[in-house]
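**Student:** I am attaching a structure below and will ask some questions about it afterwards.
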Amino acid sequence: MRINCPCCGERGPEEFSYLGDASLRRPAPEASEAEWADYVYLRENPSGRFRELWYHSAGCHAWLVVERDLRTHEIFSVEFARDVAMKGGAA
């Protein structure tokens, strides 16, 4: 698998740190204990196309939203997480 960083070009996954699901939203501080427990411990285990958050730790230090197929590792898009957030998408 190769990730095409918008700043640095195509790089191997060893240069990146994986954070997980790019659609997760942190609960409000006043959220219930159950909501916080769900946020911290429960994750989907999808198959197929999925949007993930990656950090280019050995490169430009950018946060990226990578859309890829979890079965084949085919990458469909890579965007700066800040751009996704500005457009109102999850990241």
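Each chain of the structure tokens is named A, B, ... in the order shown, its residues numbered from 1; ligands are numbered from 1 in display order.
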Can you list, as a list in words, every residue of chain A that DSSP puts in alpha helix (DSSP H)?

**Tutor:**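 Result set for chain A (alpha helix (DSSP H)): Glu33, Ala34, Glu35, Trp36, Ala37, Asp38, Tyr39, Val40, Tyr41, Ala81, Arg82, Asp83, Val84, Ala85 and Met86 of chain A.
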
**Student:** Which residues of segment 23-62 of chain A come within 10 Å of segment 77-81 of chain A, and what is each one's closest atom pair and distance in Å (one decimal), counting only C-alpha atoms, sorted by chain and residue number, as a tab-separated table?

**Tutor:**
residue	atom	partner	partner_atom	distance
A:Arg51	CA	A:Ser77	CA	9.1
A:Glu52	CA	A:Val78	CA	9.6
A:Leu53	CA	A:Ala81	CA	7.6
A:Trp54	CA	A:Ala81	CA	8.8
A:Tyr55	CA	A:Ala81	CA	9.5
A:Ala62	CA	A:Phe80	CA	7.1

**Student:** Just C-alpha atoms for this one: save the residues we selected as a CSV table (one decimal), in the first residue's frame.

**Tutor:**
chain,number,residue,atom,x,y,z
A,51,ARG,CA,-12.5,6.8,5.5
A,52,GLU,CA,-9.6,6.8,8.0
A,53,LEU,CA,-7.5,9.4,9.8
A,54,TRP,CA,-3.7,9.1,9.2
A,55,TYR,CA,-0.8,11.3,10.5
A,62,ALA,CA,0.0,16.6,8.2

**Student:** Where does DSSP see strand (DSSP E or B) in chain A, if you list the residues as a PyMOL selection string?

**Tutor:** chain A and resi 3-5+9-11+17-21+49-55+63-69+75-80

**Student:** Between A:Ser57, A:Trp36, A:Glu67, A:Asp83, which is the closest to Phe16 of chain A once you count only C-alpha atoms?

**Tutor:**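 Smallest distance to Phe16 of chain A is found for A:Ser57.
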